[in-house]
Structure formats: structure tokens, C-alpha cells
Amino acid sequence: MGPVIGIFVVLHFLGMAALLGGWLAIRLGAPRGLSVLVWGARAQLVIGVVLVGLLEMAQADLNMAKIGVKLAVALGAVACAEIAGARDRKGNPAPVLVDVAAGLAVINVLVAVLWRTGS
């Protein structure tokens, strides 16, 4: 199970890289950065849920409060990305939502790294 979990962790990181890379591309004026950001946000959410399931199957000791916070933040990032994408397709760009989606992704990384339950 360890190698499978490792592969999904890498995929989770690649989703984050796509989300933040899409945000950077948008800020630098790339025309297709928003679709990368949206797909990165989707990947983060789906792969994160799969990872929790895999870790549960491996009987890992999980902090459900932390997972709940990360899920809520990820849902916010996906919602902002999806709404920004829909508005952009209608010709009404929403750069604030793009920035919020990227900011929520960074917050999720901070929660993942800094939230420690033991010492």
C-alpha cells in the first residue's frame, strides 16, 4: 500500500503545482492559465479525498479535525476556481476569485505542514 499512497501524494503535489502555476500564469498574462488553475484545484480535492481513503484502509492514525479543515479550505478553492472559470467563459473575468483560490491553496499547504498534534 505504501507505494500507491506515495504515488497519490505526488499527484496531490502536482495538483497544487498546477493550481499555483495556473495562478502565476494568469498573473503573467498567459491566456490558458485559468484552465490549468481549475484542473489543479479539482485534482487537489479529488486526490486528497482518495488519499484519506487509502490512509484509512492502511489503518493510519489520522487527525480528522485537520482533514476536515483541509477539506473545507479545498472546497472553497475549487468553488472559487470554478466560478472564476465560468465567469471567464462568459467574458466576465473574476481575478479576485482566482487570487482567493490560490490563497486558499497556500493556506491548505500551511495547514498540512504547520498543524501538528504531537511533538
# chains A, B, ... in the order shown; residues from 1 in each chain; ligands from 1
>>> residues_around(residues="region 37-43 of chain A", least_positions_apart="2", cutoff="9 Å", atoms="only C-alpha atoms", output="PyMOL selection string")
chain A and resi 11-12+14-23+26+33-35+45-48+74-75+77-82+84-85+98+101-102+105
>>> write_last_selection(atoms="N, CA and C atoms", output="compact mmCIF listing (two decimals), in the first residue's frame")
# COMPACT_ATOMS: atom_id res chain seq x y z
N LEU A 11 0.91 12.93 -6.93
CA LEU A 11 -0.17 13.50 -7.76
C LEU A 11 -0.84 14.68 -7.06
N HIS A 12 -1.00 14.57 -5.75
CA HIS A 12 -1.59 15.67 -4.97
C HIS A 12 -0.71 16.92 -5.06
N LEU A 14 1.36 17.59 -7.50
CA LEU A 14 1.28 18.09 -8.87
C LEU A 14 0.00 18.90 -9.08
N GLY A 15 -1.09 18.50 -8.42
CA GLY A 15 -2.32 19.31 -8.49
C GLY A 15 -2.11 20.68 -7.88
N MET A 16 -1.39 20.72 -6.76
CA MET A 16 -1.10 22.01 -6.14
C MET A 16 -0.21 22.84 -7.06
N ALA A 17 0.77 22.19 -7.68
CA ALA A 17 1.65 22.92 -8.60
C ALA A 17 0.86 23.48 -9.78
N ALA A 18 -0.10 22.72 -10.28
CA ALA A 18 -0.93 23.20 -11.38
C ALA A 18 -1.78 24.39 -10.95
N LEU A 19 -2.36 24.29 -9.76
CA LEU A 19 -3.18 25.39 -9.26
C LEU A 19 -2.35 26.67 -9.11
N LEU A 20 -1.23 26.57 -8.43
CA LEU A 20 -0.41 27.76 -8.21
C LEU A 20 0.30 28.19 -9.49
N GLY A 21 0.67 27.23 -10.33
CA GLY A 21 1.27 27.59 -11.62
C GLY A 21 0.28 28.28 -12.53
N GLY A 22 -0.98 27.82 -12.50
CA GLY A 22 -2.02 28.48 -13.28
C GLY A 22 -2.25 29.90 -12.80
N TRP A 23 -2.22 30.08 -11.48
CA TRP A 23 -2.38 31.43 -10.93
C TRP A 23 -1.23 32.33 -11.39
N ILE A 26 -1.64 33.24 -15.01
CA ILE A 26 -2.67 34.28 -15.18
C ILE A 26 -2.09 35.64 -14.83
N GLY A 33 -4.02 30.03 -18.55
CA GLY A 33 -3.68 29.74 -17.17
C GLY A 33 -4.87 29.37 -16.31
N LEU A 34 -6.03 29.91 -16.63
CA LEU A 34 -7.21 29.65 -15.80
C LEU A 34 -7.64 28.19 -15.87
N SER A 35 -7.57 27.59 -17.04
CA SER A 35 -7.97 26.18 -17.13
C SER A 35 -7.01 25.29 -16.34
N LEU A 45 -8.60 18.40 -4.76
CA LEU A 45 -9.74 17.93 -3.99
C LEU A 45 -9.94 16.42 -4.13
N VAL A 46 -10.01 15.95 -5.36
CA VAL A 46 -10.30 14.53 -5.60
C VAL A 46 -9.17 13.65 -5.07
N ILE A 47 -7.94 14.01 -5.36
CA ILE A 47 -6.81 13.19 -4.92
C ILE A 47 -6.67 13.23 -3.40
N GLY A 48 -6.97 14.38 -2.80
CA GLY A 48 -6.93 14.47 -1.34
C GLY A 48 -7.93 13.53 -0.69
N ALA A 74 -10.19 23.29 0.78
CA ALA A 74 -10.11 22.81 -0.61
C ALA A 74 -11.42 23.04 -1.36
N LEU A 75 -12.55 22.82 -0.70
CA LEU A 75 -13.85 23.08 -1.34
C LEU A 75 -13.98 24.56 -1.69
N ALA A 77 -11.48 26.59 -2.38
CA ALA A 77 -10.57 26.84 -3.52
C ALA A 77 -11.20 26.36 -4.82
N VAL A 78 -11.79 25.18 -4.80
CA VAL A 78 -12.44 24.65 -6.01
C VAL A 78 -13.62 25.52 -6.40
N ALA A 79 -14.42 25.94 -5.44
CA ALA A 79 -15.57 26.79 -5.74
C ALA A 79 -15.12 28.10 -6.39
N CYS A 80 -14.11 28.73 -5.82
CA CYS A 80 -13.61 29.99 -6.40
C CYS A 80 -13.06 29.77 -7.80
N ALA A 81 -12.32 28.68 -7.99
CA ALA A 81 -11.75 28.39 -9.31
C ALA A 81 -12.85 28.12 -10.33
N GLU A 82 -13.84 27.33 -9.94
CA GLU A 82 -14.93 27.00 -10.87
C GLU A 82 -15.76 28.25 -11.23
N ALA A 84 -14.71 31.37 -11.12
CA ALA A 84 -13.85 32.22 -11.96
C ALA A 84 -13.80 31.69 -13.39
N GLY A 85 -13.72 30.36 -13.54
CA GLY A 85 -13.71 29.77 -14.88
C GLY A 85 -15.00 30.02 -15.63
N VAL A 98 -9.73 34.23 -8.60
CA VAL A 98 -8.51 33.50 -8.94
C VAL A 98 -7.49 33.66 -7.81
N ALA A 101 -8.62 31.62 -4.78
CA ALA A 101 -8.37 30.19 -4.97
C ALA A 101 -6.90 29.86 -4.70
N ALA A 102 -6.00 30.68 -5.22
CA ALA A 102 -4.56 30.45 -4.98
C ALA A 102 -4.23 30.65 -3.50
N ALA A 105 -5.25 27.67 -1.56
CA ALA A 105 -4.30 26.56 -1.77
C ALA A 105 -3.08 26.71 -0.87
>>> closest_residue(among="A:Trp115, A:Arg32, A:Leu24, A:Asp88", to="Met64 (chain A)", atoms="only C-alpha atoms")
A:Trp115
>>> closest_residue(among="A:Ile5, A:Arg116, A:Phe13, A:Leu110", to="Gly53 (chain A)", atoms="only C-alpha atoms")
A:Ile5
>>> residues_around(residues="Ile67 (chain A)", least_positions_apart="5", cutoff="9 Å", atoms="only C-alpha atoms", output="VMD selection string")
chain A and resid 52 62 72 112
>>> atom_distance(atom1="CA of Val9 (chain A)", atom2="CA of Ala65 (chain A)")
19.6 Å
>>> atom_distance(atom1="CA of Val36 (chain A)", atom2="CA of Pro3 (chain A)")
26.8 Å
>>> decode(residues="region 91-115 of chain A", atoms="N, CA and C atoms", output="tab-separated table (two decimals), in the first residue's frame")
chain	number	residue	atom	x	y	z
A	91	GLY	N	-17.05	35.84	-20.55
A	91	GLY	CA	-16.43	37.13	-20.89
A	91	GLY	C	-16.39	38.12	-19.74
A	92	ASN	N	-16.55	37.63	-18.52
A	92	ASN	CA	-16.55	38.49	-17.35
A	92	ASN	C	-15.50	37.98	-16.36
A	93	PRO	N	-14.20	38.27	-16.61
A	93	PRO	CA	-13.14	37.72	-15.75
A	93	PRO	C	-13.32	38.12	-14.29
A	94	ALA	N	-12.89	37.22	-13.39
A	94	ALA	CA	-13.00	37.45	-11.96
A	94	ALA	C	-11.63	37.24	-11.32
A	95	PRO	N	-10.71	38.20	-11.47
A	95	PRO	CA	-9.35	37.99	-10.94
A	95	PRO	C	-9.30	37.85	-9.43
A	96	VAL	N	-10.26	38.44	-8.72
A	96	VAL	CA	-10.25	38.30	-7.26
A	96	VAL	C	-10.50	36.85	-6.86
A	97	LEU	N	-11.41	36.17	-7.55
A	97	LEU	CA	-11.67	34.76	-7.25
A	97	LEU	C	-10.46	33.89	-7.56
A	98	VAL	N	-9.73	34.23	-8.60
A	98	VAL	CA	-8.51	33.50	-8.94
A	98	VAL	C	-7.49	33.66	-7.81
A	99	ASP	N	-7.34	34.88	-7.32
A	99	ASP	CA	-6.41	35.14	-6.22
A	99	ASP	C	-6.85	34.41	-4.95
A	100	VAL	N	-8.15	34.39	-4.68
A	100	VAL	CA	-8.65	33.70	-3.49
A	100	VAL	C	-8.40	32.20	-3.60
A	101	ALA	N	-8.62	31.62	-4.78
A	101	ALA	CA	-8.37	30.19	-4.97
A	101	ALA	C	-6.90	29.86	-4.70
A	102	ALA	N	-6.00	30.68	-5.22
A	102	ALA	CA	-4.56	30.45	-4.98
A	102	ALA	C	-4.23	30.65	-3.50
A	103	GLY	N	-4.81	31.66	-2.89
A	103	GLY	CA	-4.56	31.90	-1.47
A	103	GLY	C	-5.05	30.75	-0.60
A	104	LEU	N	-6.21	30.19	-0.95
A	104	LEU	CA	-6.72	29.05	-0.19
A	104	LEU	C	-5.83	27.82	-0.37
A	105	ALA	N	-5.25	27.67	-1.56
A	105	ALA	CA	-4.30	26.56	-1.77
A	105	ALA	C	-3.08	26.71	-0.87
A	106	VAL	N	-2.60	27.92	-0.75
A	106	VAL	CA	-1.44	28.18	0.13
A	106	VAL	C	-1.84	27.93	1.59
A	107	ILE	N	-3.03	28.36	1.96
A	107	ILE	CA	-3.50	28.11	3.33
A	107	ILE	C	-3.56	26.61	3.60
A	108	ASN	N	-4.01	25.83	2.62
A	108	ASN	CA	-4.07	24.38	2.80
A	108	ASN	C	-2.69	23.78	2.98
A	109	VAL	N	-1.71	24.29	2.28
A	109	VAL	CA	-0.33	23.82	2.47
A	109	VAL	C	0.14	24.17	3.88
A	110	LEU	N	-0.16	25.38	4.33
A	110	LEU	CA	0.24	25.78	5.67
A	110	LEU	C	-0.43	24.91	6.73
A	111	VAL	N	-1.70	24.59	6.54
A	111	VAL	CA	-2.38	23.70	7.48
A	111	VAL	C	-1.71	22.32	7.48
A	112	ALA	N	-1.41	21.82	6.30
A	112	ALA	CA	-0.79	20.49	6.20
A	112	ALA	C	0.55	20.43	6.89
A	113	VAL	N	1.33	21.49	6.76
A	113	VAL	CA	2.70	21.47	7.29
A	113	VAL	C	2.78	21.89	8.74
A	114	LEU	N	2.00	22.91	9.12
A	114	LEU	CA	2.16	23.51	10.45
A	114	LEU	C	1.27	22.91	11.52
A	115	TRP	N	0.18	22.25	11.15
A	115	TRP	CA	-0.73	21.68	12.14
A	115	TRP	C	-0.13	20.36	12.62
